[in-house]
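Colleague: Provided herewith: structure.txt, compact mmCIF, C-alpha atoms.
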```txt
# COMPACT_ATOMS: atom_id res chain seq x y z
CA MET L 328 67.60 110.05 64.67
CA ILE L 329 68.64 108.94 68.10
CA TYR L 330 71.91 107.10 68.80
CA PRO L 331 73.65 104.72 66.40
CA LYS L 332 72.88 101.16 67.52
CA SER L 333 76.30 100.35 69.02
CA ILE L 334 76.22 103.50 71.18
CA ALA L 335 72.63 102.81 72.25
CA THR L 336 73.65 99.27 73.29
CA LEU L 337 76.56 100.62 75.31
CA ILE L 338 74.39 103.21 77.08
CA GLU L 339 71.89 100.47 77.87
CA GLN L 340 74.67 98.33 79.36
CA PHE L 341 75.98 101.16 81.52
CA GLN L 342 72.47 101.82 82.81
CA LYS L 343 72.43 98.37 84.38
CA PHE L 344 75.12 99.43 86.85
CA PRO L 345 74.03 100.42 90.34
CA SER L 346 73.23 104.13 90.76
CA VAL L 347 73.85 104.90 87.08
CA GLY L 348 70.91 106.71 85.48
CA PRO L 349 70.32 107.52 81.81
CA LYS L 350 72.37 110.75 81.93
CA SER L 351 75.39 109.18 83.63
CA ALA L 352 75.22 106.18 81.31
CA GLN L 353 75.27 108.55 78.33
CA ARG L 354 78.21 110.47 79.75
CA MET L 355 80.13 107.24 80.36
CA ALA L 356 79.42 105.94 76.85
CA PHE L 357 80.70 109.19 75.33
CA HIS L 358 83.76 108.92 77.54
CA ILE L 359 84.43 105.53 75.91
CA LEU L 360 84.05 107.07 72.44
CA LYS L 361 86.58 109.77 73.31
CA MET L 362 89.18 107.32 74.65
CA PRO L 363 91.88 106.03 72.29
CA ILE L 364 91.05 102.53 71.00
CA SER L 365 94.05 101.05 72.88
CA GLU L 366 92.64 102.36 76.17
CA VAL L 367 89.18 101.04 75.33
CA GLU L 368 90.57 97.58 74.63
CA LYS L 369 92.55 97.69 77.87
CA PHE L 370 89.41 98.61 79.77
CA ALA L 371 87.37 95.82 78.16
CA LYS L 372 90.14 93.34 78.94
CA SER L 373 90.40 94.36 82.59
CA VAL L 374 86.62 93.91 82.97
CA VAL L 375 86.78 90.32 81.74
CA GLU L 376 90.00 89.55 83.62
CA ALA L 377 88.69 90.85 86.93
CA LYS L 378 85.71 88.55 86.53
CA LYS L 379 87.77 85.54 85.44
CA ASN L 380 90.48 85.90 88.10
CA THR L 381 88.17 86.35 91.05
CA PHE L 382 86.73 83.49 93.06
CA ALA L 383 84.84 83.23 96.31
CA CYS L 384 87.14 81.77 98.98
CA ASP L 385 86.02 78.23 99.92
CA VAL L 386 86.44 79.02 103.61
CA CYS L 387 85.06 82.52 104.14
CA PHE L 388 83.47 83.39 100.73
CA ASN L 389 85.52 86.55 100.42
CA LEU L 390 86.21 87.45 96.78
CA SER L 391 89.86 86.82 96.05
CA SER L 392 92.33 85.85 93.37
CA THR L 393 93.56 82.95 95.51
CA ASN L 394 91.65 80.11 97.13
CA PRO L 395 91.63 80.09 100.17
CA CYS L 396 91.85 83.88 100.23
CA GLU L 397 94.88 85.78 101.55
CA ILE L 398 93.24 86.41 104.91
CA CYS L 399 92.34 82.75 105.47
CA GLN L 400 95.88 81.75 104.42
CA SER L 401 97.63 84.30 106.62
CA SER L 402 99.32 82.91 109.73
CA SER L 403 99.14 86.29 111.47
CA ARG L 404 95.34 86.30 111.64
CA ASP L 405 93.48 84.97 114.67
CA LYS L 406 91.37 82.06 113.37
CA ASN L 407 89.40 81.93 116.62
CA VAL L 408 87.53 85.16 115.96
CA ILE L 409 85.17 85.35 112.99
CA CYS L 410 83.68 88.64 111.84
CA VAL L 411 80.47 88.09 109.84
CA VAL L 412 79.83 90.63 107.04
CA ALA L 413 77.24 90.82 104.26
CA GLU L 414 79.54 91.57 101.31
CA THR L 415 83.23 91.69 100.39
CA LYS L 416 83.06 95.49 100.31
CA ASP L 417 82.13 95.48 104.01
CA LEU L 418 85.18 93.30 104.67
CA ILE L 419 87.34 95.82 102.79
CA ALA L 420 85.89 98.66 104.89
CA ILE L 421 86.84 96.83 108.10
CA GLU L 422 90.29 95.90 106.75
CA LYS L 423 90.96 99.57 106.08
CA THR L 424 90.66 100.35 109.80
CA ASN L 425 93.72 98.11 110.44
CA GLU L 426 92.13 97.27 113.79
CA TYR L 427 90.82 93.78 113.21
CA LYS L 428 93.15 90.78 113.31
CA GLY L 429 90.66 87.91 113.15
CA VAL L 430 89.17 86.22 110.08
CA TYR L 431 85.90 86.82 108.24
CA HIS L 432 82.80 85.13 106.95
CA VAL L 433 81.12 86.81 103.98
CA LEU L 434 77.41 85.93 103.89
CA GLN L 435 77.06 87.14 100.27
CA GLY L 436 73.81 88.88 101.15
CA LEU L 437 71.30 89.44 103.92
CA ILE L 438 67.99 87.74 104.67
CA SER L 439 65.38 89.78 102.83
CA PRO L 440 61.97 88.10 102.36
CA ILE L 441 60.79 91.06 100.27
CA ASP L 442 63.50 90.28 97.68
CA GLY L 443 62.91 86.54 98.02
CA ILE L 444 66.24 85.98 99.82
CA GLY L 445 65.86 83.43 102.60
CA ALA L 446 68.33 81.96 105.10
CA ASP L 447 69.29 79.21 102.66
CA ASP L 448 70.23 81.67 99.93
CA ILE L 449 73.13 83.16 101.88
CA ARG L 450 76.18 81.45 103.42
CA ILE L 451 74.67 80.71 106.86
CA ARG L 452 74.96 76.93 106.60
CA GLU L 453 78.65 77.28 105.80
CA LEU L 454 79.15 79.57 108.82
CA LEU L 455 77.56 77.02 111.17
CA HIS L 456 79.73 74.34 109.63
CA ARG L 457 82.84 76.45 110.34
CA LEU L 458 81.75 76.96 113.95
CA ALA L 459 81.18 73.23 114.41
CA GLU L 460 84.50 72.19 112.85
CA ASN L 461 86.82 74.83 114.29
CA ASP L 462 87.73 76.18 117.67
CA VAL L 463 86.01 79.56 117.46
CA THR L 464 85.80 81.74 120.57
CA GLU L 465 83.93 84.79 119.27
CA VAL L 466 81.62 85.69 116.41
CA ILE L 467 81.32 89.41 115.65
CA LEU L 468 78.22 90.37 113.66
CA ALA L 469 79.14 93.37 111.50
CA LEU L 470 75.91 93.77 109.54
CA SER L 471 74.34 97.12 108.68
CA PRO L 472 71.65 98.50 111.01
CA SER L 473 69.00 98.08 108.28
CA VAL L 474 65.85 95.94 108.51
CA GLU L 475 67.64 93.13 106.65
CA GLY L 476 70.78 93.51 108.77
CA GLU L 477 68.77 93.39 112.00
CA ALA L 478 66.77 90.35 110.89
CA THR L 479 69.89 88.48 109.80
CA SER L 480 71.72 89.36 113.04
CA LEU L 481 68.80 88.14 115.15
CA TYR L 482 68.51 84.94 113.15
CA LEU L 483 72.24 84.25 113.34
CA SER L 484 72.49 84.95 117.08
CA LYS L 485 69.72 82.39 117.70
CA LEU L 486 71.53 79.77 115.62
CA ILE L 487 74.95 80.45 117.16
CA LYS L 488 73.79 80.52 120.82
CA PRO L 489 73.69 76.68 121.15
CA PHE L 490 77.41 76.52 120.25
CA GLY L 491 78.22 78.37 123.47
CA ILE L 492 80.35 80.87 121.53
CA LYS L 493 80.55 84.54 122.51
CA ILE L 494 78.50 86.61 120.04
CA SER L 495 78.90 90.36 119.69
CA ARG L 496 77.58 93.01 117.40
CA ILE L 497 79.40 96.17 116.26
CA ALA L 498 78.22 99.36 117.98
CA PHE L 499 75.71 101.73 116.38
CA GLY L 500 75.55 105.34 117.45
CA LEU L 501 76.71 108.80 116.48
CA PRO L 502 79.45 108.76 113.83
CA VAL L 503 82.66 110.48 114.93
CA GLY L 504 82.58 114.16 114.05
CA ALA L 505 78.78 114.28 113.75
CA ASP L 506 76.68 116.92 115.43
CA LEU L 507 74.17 115.56 117.94
CA GLU L 508 71.68 118.22 116.90
CA TYR L 509 71.51 116.86 113.35
CA ALA L 510 71.46 113.15 114.15
CA ASP L 511 68.27 111.32 113.16
CA GLU L 512 66.03 109.87 115.87
CA ILE L 513 66.87 106.23 115.19
CA THR L 514 70.64 106.79 115.34
CA LEU L 515 70.22 108.78 118.55
CA ALA L 516 68.01 106.06 120.05
CA LYS L 517 70.70 103.49 119.13
CA ALA L 518 73.36 105.71 120.70
CA LEU L 519 71.38 105.98 123.93
CA GLU L 520 70.66 102.26 123.96
CA GLY L 521 74.33 101.45 123.44
CA ARG L 522 75.62 103.85 126.15
CA HIS L 523 78.39 102.57 128.39
CA GLU L 524 79.70 103.62 131.76
CA ILE L 525 82.81 105.75 131.91
CA MET Q 397 95.05 93.01 102.47
CA ILE Q 398 93.33 95.37 100.13
CA TYR Q 399 91.83 94.25 96.79
CA PRO Q 400 93.19 91.45 94.61
CA LYS Q 401 95.13 93.05 91.75
CA SER Q 402 92.59 92.44 88.99
CA ILE Q 403 89.81 94.06 91.04
CA ALA Q 404 92.05 97.00 91.97
CA THR Q 405 92.84 97.53 88.27
CA LEU Q 406 89.16 97.47 87.39
CA ILE Q 407 88.25 99.97 90.13
CA GLU Q 408 91.06 102.21 88.90
CA GLN Q 409 89.69 102.02 85.34
CA PHE Q 410 86.15 102.89 86.44
CA GLN Q 411 87.47 105.88 88.39
CA LYS Q 412 88.64 107.44 85.14
CA PHE Q 413 85.03 107.88 84.01
CA PRO Q 414 83.47 111.32 84.43
CA SER Q 415 81.73 111.85 87.79
CA VAL Q 416 82.71 108.40 89.09
CA GLY Q 417 84.43 108.62 92.48
CA PRO Q 418 86.20 105.86 94.44
CA LYS Q 419 82.97 104.58 96.04
CA SER Q 420 81.00 104.41 92.78
CA ALA Q 421 83.95 102.79 91.03
CA GLN Q 422 84.07 100.14 93.75
CA ARG Q 423 80.33 99.54 93.48
CA MET Q 424 80.59 99.18 89.70
CA ALA Q 425 83.52 96.78 89.95
CA PHE Q 426 81.59 94.59 92.39
CA HIS Q 427 78.62 94.72 90.04
CA ILE Q 428 80.87 93.23 87.34
CA LEU Q 429 81.99 90.48 89.73
CA LYS Q 430 78.36 89.60 90.46
CA MET Q 431 77.35 89.43 86.80
CA PRO Q 432 77.44 86.06 85.03
CA ILE Q 433 80.58 85.69 82.89
CA SER Q 434 78.51 85.67 79.68
CA GLU Q 435 77.07 89.09 80.57
CA VAL Q 436 80.53 90.41 81.43
CA GLU Q 437 81.88 89.30 78.08
CA LYS Q 438 78.90 90.87 76.32
CA PHE Q 439 79.54 94.13 78.13
CA ALA Q 440 83.26 94.13 77.28
CA LYS Q 441 82.41 93.39 73.65
CA SER Q 442 79.86 96.20 73.41
CA VAL Q 443 82.43 98.66 74.80
CA VAL Q 444 84.95 97.81 72.09
CA GLU Q 445 82.29 97.61 69.33
CA ALA Q 446 80.79 100.99 70.19
CA LYS Q 447 84.26 102.50 69.87
CA LYS Q 448 85.11 100.64 66.65
CA ASN Q 449 81.80 101.30 64.89
CA THR Q 450 81.60 104.99 65.62
CA PHE Q 451 83.14 107.65 63.42
CA ALA Q 452 82.91 111.42 63.26
CA CYS Q 453 80.86 112.41 60.20
CA ASP Q 454 83.09 114.06 57.56
CA VAL Q 455 80.52 116.79 57.01
CA CYS Q 456 79.21 117.76 60.45
CA PHE Q 457 81.49 115.80 62.87
CA ASN Q 458 78.52 114.17 64.56
CA LEU Q 459 79.41 110.72 65.97
CA SER Q 460 77.71 108.13 63.83
CA SER Q 461 77.97 104.57 62.54
CA THR Q 462 77.69 105.84 58.96
CA ASN Q 463 79.72 108.45 57.10
CA PRO Q 464 78.22 110.94 56.29
CA CYS Q 465 75.92 110.61 59.29
CA GLU Q 466 72.20 109.84 59.00
CA ILE Q 467 71.26 113.50 59.44
CA CYS Q 468 73.60 114.72 56.70
CA GLN Q 469 72.36 111.92 54.40
CA SER Q 470 68.67 112.56 55.05
CA SER Q 471 66.77 114.24 52.23
CA SER Q 472 64.12 115.55 54.63
CA ARG Q 473 66.55 117.84 56.47
CA ASP Q 474 66.97 121.46 55.47
CA LYS Q 475 70.64 121.80 54.46
CA ASN Q 476 70.37 125.59 54.43
CA VAL Q 477 70.15 125.89 58.21
CA ILE Q 478 73.11 124.77 60.35
CA CYS Q 479 72.82 124.44 64.09
CA VAL Q 480 76.25 124.65 65.77
CA VAL Q 481 76.66 122.56 68.94
CA ALA Q 482 79.66 121.72 71.13
CA GLU Q 483 79.21 117.95 71.43
CA THR Q 484 77.20 115.09 69.96
CA LYS Q 485 75.22 114.86 73.21
CA ASP Q 486 73.97 118.42 72.66
CA LEU Q 487 72.86 117.39 69.18
CA ILE Q 488 70.98 114.45 70.70
CA ALA Q 489 69.29 116.79 73.19
CA ILE Q 490 68.06 119.01 70.34
CA GLU Q 491 66.98 116.02 68.23
CA LYS Q 492 64.83 114.83 71.13
CA THR Q 493 62.73 118.00 70.91
CA ASN Q 494 61.63 116.96 67.39
CA GLU Q 495 61.46 120.67 66.57
CA TYR Q 496 64.55 121.16 64.47
CA LYS Q 497 64.64 120.15 60.80
CA GLY Q 498 67.97 121.61 59.71
CA VAL Q 499 71.43 120.06 59.88
CA TYR Q 500 74.19 120.37 62.50
CA HIS Q 501 77.82 121.19 62.97
CA VAL Q 502 79.49 119.57 65.99
CA LEU Q 503 82.47 121.67 67.12
CA GLN Q 504 83.84 118.82 69.27
CA GLY Q 505 84.58 121.26 72.07
CA LEU Q 506 84.52 124.92 72.99
CA ILE Q 507 87.28 127.52 73.02
CA SER Q 508 88.80 127.36 76.49
CA PRO Q 509 92.23 129.01 76.89
CA ILE Q 510 92.42 127.77 80.48
CA ASP Q 511 92.37 124.17 79.21
CA GLY Q 512 94.65 125.03 76.31
CA ILE Q 513 91.85 124.67 73.73
CA GLY Q 514 92.12 127.34 71.06
CA ALA Q 515 90.07 128.10 67.96
CA ASP Q 516 92.20 125.73 65.87
CA ASP Q 517 91.57 122.78 68.17
CA ILE Q 518 87.85 122.63 67.46
CA ARG Q 519 86.02 122.30 64.14
CA ILE Q 520 85.68 126.01 63.34
CA ARG Q 521 87.74 125.91 60.13
CA GLU Q 522 85.50 123.13 58.82
CA LEU Q 523 82.39 125.16 59.65
CA LEU Q 524 83.67 128.17 57.69
CA HIS Q 525 84.50 125.86 54.82
CA ARG Q 526 80.92 124.54 54.85
CA LEU Q 527 79.54 128.08 54.83
CA ALA Q 528 81.79 129.04 51.90
CA GLU Q 529 80.95 125.95 49.82
CA ASN Q 530 77.22 125.64 50.47
CA ASP Q 531 74.17 127.80 50.21
CA VAL Q 532 73.53 128.37 53.92
CA THR Q 533 70.88 130.89 54.98
CA GLU Q 534 71.07 130.66 58.78
CA VAL Q 535 73.53 129.55 61.44
CA ILE Q 536 72.03 128.86 64.87
CA LEU Q 537 74.55 128.92 67.73
CA ALA Q 538 73.35 126.40 70.34
CA LEU Q 539 76.24 126.61 72.79
CA SER Q 540 75.83 126.58 76.57
CA PRO Q 541 75.67 129.92 78.42
CA SER Q 542 79.03 129.21 80.11
CA VAL Q 543 82.17 131.34 79.82
CA GLU Q 544 83.50 128.99 77.11
CA GLY Q 545 80.15 128.93 75.31
CA GLU Q 546 79.91 132.72 75.34
CA ALA Q 547 83.49 133.15 74.11
CA THR Q 548 83.04 130.62 71.31
CA SER Q 549 79.70 132.18 70.26
CA LEU Q 550 81.23 135.64 70.11
CA TYR Q 551 84.23 134.41 68.14
CA LEU Q 552 82.04 132.46 65.69
CA SER Q 553 79.63 135.33 65.14
CA LYS Q 554 82.55 137.61 64.21
CA LEU Q 555 83.87 135.07 61.73
CA ILE Q 556 80.46 134.33 60.18
CA LYS Q 557 79.33 137.98 59.83
CA PRO Q 558 81.38 138.58 56.61
CA PHE Q 559 79.47 135.74 54.87
CA GLY Q 560 76.28 137.80 55.13
CA ILE Q 561 74.47 134.83 56.66
CA LYS Q 562 71.80 135.27 59.35
CA ILE Q 563 73.23 134.26 62.76
CA SER Q 564 71.06 133.48 65.75
CA ARG Q 565 71.61 132.16 69.22
CA ILE Q 566 69.23 129.99 71.23
CA ALA Q 567 67.34 131.85 73.98
CA PHE Q 568 68.48 131.83 77.60
CA GLY Q 569 66.04 132.56 80.38
CA LEU Q 570 63.81 130.87 82.93
CA PRO Q 571 63.37 127.16 82.28
CA VAL Q 572 59.75 126.09 81.83
CA GLY Q 573 58.21 125.15 85.17
CA ALA Q 574 60.78 127.10 87.20
CA ASP Q 575 59.81 129.52 89.93
CA LEU Q 576 60.95 133.10 89.35
CA GLU Q 577 61.64 133.49 93.06
CA TYR Q 578 64.30 130.77 92.99
CA ALA Q 579 66.00 131.69 89.73
CA ASP Q 580 69.62 132.83 90.06
CA GLU Q 581 70.53 136.41 89.23
CA ILE Q 582 72.36 135.63 85.99
CA THR Q 583 69.50 133.57 84.56
CA LEU Q 584 67.05 136.29 85.53
CA ALA Q 585 69.25 138.95 83.95
CA LYS Q 586 69.40 136.84 80.76
CA ALA Q 587 65.61 136.44 80.85
CA LEU Q 588 65.13 140.21 81.15
CA GLU Q 589 67.68 140.91 78.43
CA GLY Q 590 65.96 138.43 76.10
CA ARG Q 591 62.41 139.74 76.70
CA HIS Q 592 60.18 140.07 73.67
CA GLU Q 593 57.03 142.03 72.94
CA ILE Q 594 53.71 140.24 73.15
```
Would you mind writing the file out in structure tokens?
Modeller:
Amino acid sequence: MIYPKSIATLIEQFQKFPSVGPKSAQRMAFHILKMPISEVEKFAKSVVEAKKNTFACDVCFNLSSTNPCEICQSSSRDKNVICVVAETKDLIAIEKTNEYKGVYHVLQGLISPIDGIGADDIRIRELLHRLAENDVTEVILALSPSVEGEATSLYLSKLIKPFGIKISRIAFGLPVGADLEYADEITLAKALEGRHEI
Amino acid sequence: MIYPKSIATLIEQFQKFPSVGPKSAQRMAFHILKMPISEVEKFAKSVVEAKKNTFACDVCFNLSSTNPCEICQSSSRDKNVICVVAETKDLIAIEKTNEYKGVYHVLQGLISPIDGIGADDIRIRELLHRLAENDVTEVILALSPSVEGEATSLYLSKLIKPFGIKISRIAFGLPVGADLEYADEITLAKALEGRHEI
């Protein structure tokens, strides 16, 4: 005897989530079984509703419940500066700093030949279209310092250059509070490379 | 701008799961948003179905889609030996060994005064009832070597003694493949205590 079929199906479903292994999936399924049925139904409903009520913004491809999204609609945001991010969660991370007042462009991925994701599979064409149609003064590339992030940044900077728009990239270096002694070589190399006069 | 409401609700719901923090909850919510709507609906349905189709067995309190559960119904299981476990997942772990041919009793918890769980809150009364009504020859206590597991084992063994039934407890010691050098003191003490002649 292993699990009853409905529990096995649920565990299988939970295992499809990112960074959820067999043990966590089992724990989550048993959590469901321990919840009152009203709570379970509420959870199931919120899963479907979140999916149904969320769209990609037609302008910046941010996930939102409105279209265009709240940021694109806001009159207090500087439409002349576009920050390019890979995913909505990166946008959220930047929003949490409360430092950025421009708008965004969510690529919905990064160029990754190994995963079969080319330049046409992410929202690059739409970004170039925005740059051509609007009066943009600066594009900030806020992509992770991974192989895919580097490749996408390089590719984008080449495409944007002809527009004569200022292009910048967020700084990579030691995180605040980190100990230099324990920093890895690549981070330290980036920190040295990105040094600035004081 | 932080998340649209429906996404925020979903993240909040995921955070209620055991060992899911804010970051994992966010990752899981975004996973939902990336899934096709048909898959999302399938997932939501399997959550509710697992809950609806699962009952605690009237005999052993194992979670099952049948009542009595498959193990209690099986004619190939030895009804004279009862293995007492805290949760259904412990039962599953033992079933996976393919070594045990008796039946189970799932306590649905352990005595834990600090969490306000007393002897009456778990299925101890039902276990004693089973022992009184049936011809049981051995009770195996398979509870974790935690404070709660120890307390519950001690309490149960005192209650079962008067029945004149053999009581045993699973062995605690070095896990197979472990290095003696790296074992913690308590495990090593348990291993010494549980030594047997060869």
Colleague: Skipping near chain neighbours, those fewer than 6 positions away, what residues fall within 12 Å of Thr514 (chain L) using only C-alpha atoms, listed as a PyMOL selection string?
Modeller: chain L and resi 472-473+498-502+505-508+520-521
Colleague: Restricted to C-alpha atoms, what would the selected residues look like written as a compact mmCIF listing (two decimals), in the frame of the given file?
Modeller:
```txt
# COMPACT_ATOMS: atom_id res chain seq x y z
CA PRO L 472 71.65 98.50 111.01
CA SER L 473 69.00 98.08 108.28
CA ALA L 498 78.22 99.36 117.98
CA PHE L 499 75.71 101.73 116.38
CA GLY L 500 75.55 105.34 117.45
CA LEU L 501 76.71 108.80 116.48
CA PRO L 502 79.45 108.76 113.83
CA ALA L 505 78.78 114.28 113.75
CA ASP L 506 76.68 116.92 115.43
CA LEU L 507 74.17 115.56 117.94
CA GLU L 508 71.68 118.22 116.90
CA GLU L 520 70.66 102.26 123.96
CA GLY L 521 74.33 101.45 123.44
```
Colleague: Sorted by chain and rising residue number, list the residues of chain Q at most 6 Å from chain L (counting all atoms listed in the file), each with its closest atom pair and distance in Å to one decimal, as a Markdown table.
Modeller:
```
| residue | atom | partner | partner_atom | distance |
| --- | --- | --- | --- | --- |
| Q:Pro400 | CA | L:Ser392 | CA | 5.8 |
| Q:Ser402 | CA | L:Ala377 | CA | 4.7 |
| Q:Ile403 | CA | L:Ala377 | CA | 5.3 |
| Q:Leu406 | CA | L:Ser373 | CA | 5.9 |
| Q:Leu429 | CA | L:Lys378 | CA | 5.3 |
| Q:Ala440 | CA | L:Ala371 | CA | 4.5 |
| Q:Ser442 | CA | L:Leu337 | CA | 5.8 |
| Q:Ala446 | CA | L:Ser333 | CA | 4.7 |
| Q:Lys447 | CA | L:Leu360 | CA | 5.2 |
| Q:Ser460 | CA | L:Pro331 | CA | 5.9 |
| Q:Ser461 | CA | L:Pro331 | CA | 5.8 |
```
Colleague: Compile a residue-level contact table for region 438-469 of chain Q against region 496-520 of chain Q at a cut-off of 8 Å, reporting for every qualifying residue the shortest atom pair and its distance in Å to one decimal, with all atoms listed in the file counted, rows ordered by chain and ascending number, as CSV.
Modeller:
```
residue,atom,partner,partner_atom,distance
Q:Val455,CA,Q:His501,CA,7.9
Q:Cys456,CA,Q:His501,CA,4.5
Q:Phe457,CA,Q:Val502,CA,5.3
Q:Asn458,CA,Q:Val502,CA,5.7
Q:Ile467,CA,Q:Val499,CA,6.6
Q:Cys468,CA,Q:Val499,CA,6.6
```
Colleague: Go ahead and dump the residues you just picked, C-alpha atoms, as a short mmCIF file (atom, residue, chain, number, x, y, z; two decimals), in the coordinates of the input.
Modeller:
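So the final result, stored in part18.cif, reads:
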```
data_model
loop_
_atom_site.label_atom_id
_atom_site.label_comp_id
_atom_site.auth_asym_id
_atom_site.auth_seq_id
_atom_site.Cartn_x
_atom_site.Cartn_y
_atom_site.Cartn_z
CA VAL Q 455 80.52 116.79 57.01
CA CYS Q 456 79.21 117.76 60.45
CA PHE Q 457 81.49 115.80 62.87
CA ASN Q 458 78.52 114.17 64.56
CA ILE Q 467 71.26 113.50 59.44
CA CYS Q 468 73.60 114.72 56.70
#
```
